[in-house]
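J.: Structure: target35.cif, mmCIF, C-alpha atoms; chains and numbers go by the auth columns.
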```
data_upload
loop_
_atom_site.group_PDB
_atom_site.id
_atom_site.type_symbol
_atom_site.label_atom_id
_atom_site.label_comp_id
_atom_site.label_asym_id
_atom_site.label_seq_id
_atom_site.Cartn_x
_atom_site.Cartn_y
_atom_site.Cartn_z
_atom_site.B_iso_or_equiv
_atom_site.auth_seq_id
_atom_site.auth_asym_id
ATOM 1 C CA MET A 1 106.867 112.148 27.795 0.00 1 H
ATOM 2 C CA LEU A 2 107.809 114.322 30.743 0.00 2 H
ATOM 3 C CA HIS A 3 109.472 117.267 28.987 0.00 3 H
ATOM 4 C CA ILE A 4 112.026 118.200 26.347 0.00 4 H
ATOM 5 C CA LEU A 5 114.780 120.602 27.399 0.00 5 H
ATOM 6 C CA ASP A 6 117.468 120.032 24.782 0.00 6 H
ATOM 7 C CA PHE A 7 116.775 122.954 22.431 0.00 7 H
ATOM 8 C CA LYS A 8 119.707 122.354 20.106 0.00 8 H
ATOM 9 C CA ASP A 9 119.126 118.741 19.044 0.00 9 H
ATOM 10 C CA ARG A 10 115.495 118.463 20.187 0.00 10 H
ATOM 11 C CA GLN A 11 116.190 115.104 21.805 0.00 11 H
ATOM 12 C CA ASP A 12 114.140 113.763 24.630 0.00 12 H
ATOM 13 C CA PHE A 13 116.440 112.964 27.551 0.00 13 H
ATOM 14 C CA ASN A 14 113.863 111.385 29.873 0.00 14 H
ATOM 15 C CA ASN A 15 115.166 108.248 31.465 0.00 15 H
ATOM 16 C CA PRO A 16 113.901 106.016 34.273 0.00 16 H
ATOM 17 C CA LEU A 17 116.101 107.748 36.860 0.00 17 H
ATOM 18 C CA LEU A 18 114.652 111.181 36.102 0.00 18 H
ATOM 19 C CA ILE A 19 111.096 109.878 36.080 0.00 19 H
ATOM 20 C CA ASN A 20 111.580 107.985 39.368 0.00 20 H
ATOM 21 C CA LEU A 21 113.106 111.037 41.041 0.00 21 H
ATOM 22 C CA ALA A 22 110.168 113.177 39.884 0.00 22 H
ATOM 23 C CA ILE A 23 107.688 110.633 41.262 0.00 23 H
ATOM 24 C CA GLY A 24 109.635 110.463 44.543 0.00 24 H
ATOM 25 C CA ALA A 25 109.626 114.259 44.860 0.00 25 H
ATOM 26 C CA TRP A 26 105.878 114.271 44.250 0.00 26 H
ATOM 27 C CA LEU A 27 105.346 111.644 46.968 0.00 27 H
ATOM 28 C CA PHE A 28 107.510 113.581 49.454 0.00 28 H
ATOM 29 C CA THR A 29 105.471 116.718 48.730 0.00 29 H
ATOM 30 C CA LEU A 30 102.195 114.874 49.152 0.00 30 H
ATOM 31 C CA SER A 31 103.292 113.328 52.448 0.00 31 H
ATOM 32 C CA GLY A 32 104.422 116.763 53.653 0.00 32 H
ATOM 33 C CA PHE A 33 100.984 118.194 52.970 0.00 33 H
ATOM 34 C CA VAL A 34 99.383 115.284 54.843 0.00 34 H
ATOM 35 C CA MET A 35 101.660 115.870 57.853 0.00 35 H
ATOM 36 C CA LEU A 36 100.972 119.623 57.715 0.00 36 H
ATOM 37 C CA TYR A 37 97.237 118.941 57.720 0.00 37 H
ATOM 38 C CA HIS A 38 97.534 116.624 60.724 0.00 38 H
ATOM 39 C CA SER A 39 99.710 119.075 62.649 0.00 39 H
ATOM 40 C CA LEU A 40 97.521 122.132 61.983 0.00 40 H
ATOM 41 C CA PHE A 41 93.972 120.809 61.913 0.00 41 H
ATOM 42 C CA LYS A 42 94.222 117.673 64.045 0.00 42 H
ATOM 43 C CA PRO A 43 96.875 118.435 66.668 0.00 43 H
ATOM 44 C CA HIS A 44 95.389 116.151 69.344 0.00 44 H
ATOM 45 C CA TRP A 45 94.734 113.190 67.058 0.00 45 H
ATOM 46 C CA ARG A 46 97.522 111.054 68.539 0.00 46 H
ATOM 47 C CA LYS A 47 96.441 111.719 72.124 0.00 47 H
ATOM 48 C CA TRP A 48 92.855 110.788 71.219 0.00 48 H
ATOM 49 C CA GLN A 49 94.005 107.601 69.558 0.00 49 H
ATOM 50 C CA TYR A 50 95.960 106.464 72.635 0.00 50 H
ATOM 51 C CA LYS A 51 93.123 107.322 75.041 0.00 51 H
ATOM 52 C CA LYS A 52 90.644 105.407 72.919 0.00 52 H
ATOM 53 C CA GLY A 53 92.763 102.256 73.141 0.00 53 H
ATOM 54 C CA MET A 54 92.931 102.313 76.935 0.00 54 H
#
```
Could you write out this structure as C-alpha cells?
T.:
Amino acid sequence: MLHILDFKDRQDFNNPLLINLAIGAWLFTLSGFVMLYHSLFKPHWRKWQYKKGM
C-alpha cells in the first residue's frame, strides 16, 4: 500500500498507473543523481574513455 489520502471514505485509491508513475519518478531522480555525480566528480571521464580506446 502506497498511501491513503481519501479522508472522508478512507478508501485506498492506489492503482497501477499511480504506482508506475511513482516508480518512474524515482528512476528519473536516481538517474539525475548519477548524471550529477558524473558531471561534478568525474568531468573528464568521457575524454579518458575515448583516449583509452585509441
J.: Please measure the separation of CA of Phe33 in chain H and CA of Asn14 in chain H, giving the value in Å to one decimal.
T.: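 Straight-line distance from CA of Phe33 in chain H to CA of Asn14 in chain H works out to 27.3 Å.
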J.: So what do you get for CA of Leu17 in chain H versus CA of Thr29 in chain H, distance-wise?
T.: 18.3 Å
J.: Just how far from CA of Val34 in chain H is CA of Ala22 in chain H, in Å to one decimal?
T.: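 Value for the CA of Ala22 in chain H-CA of Val34 in chain H distance: 18.6 Å.
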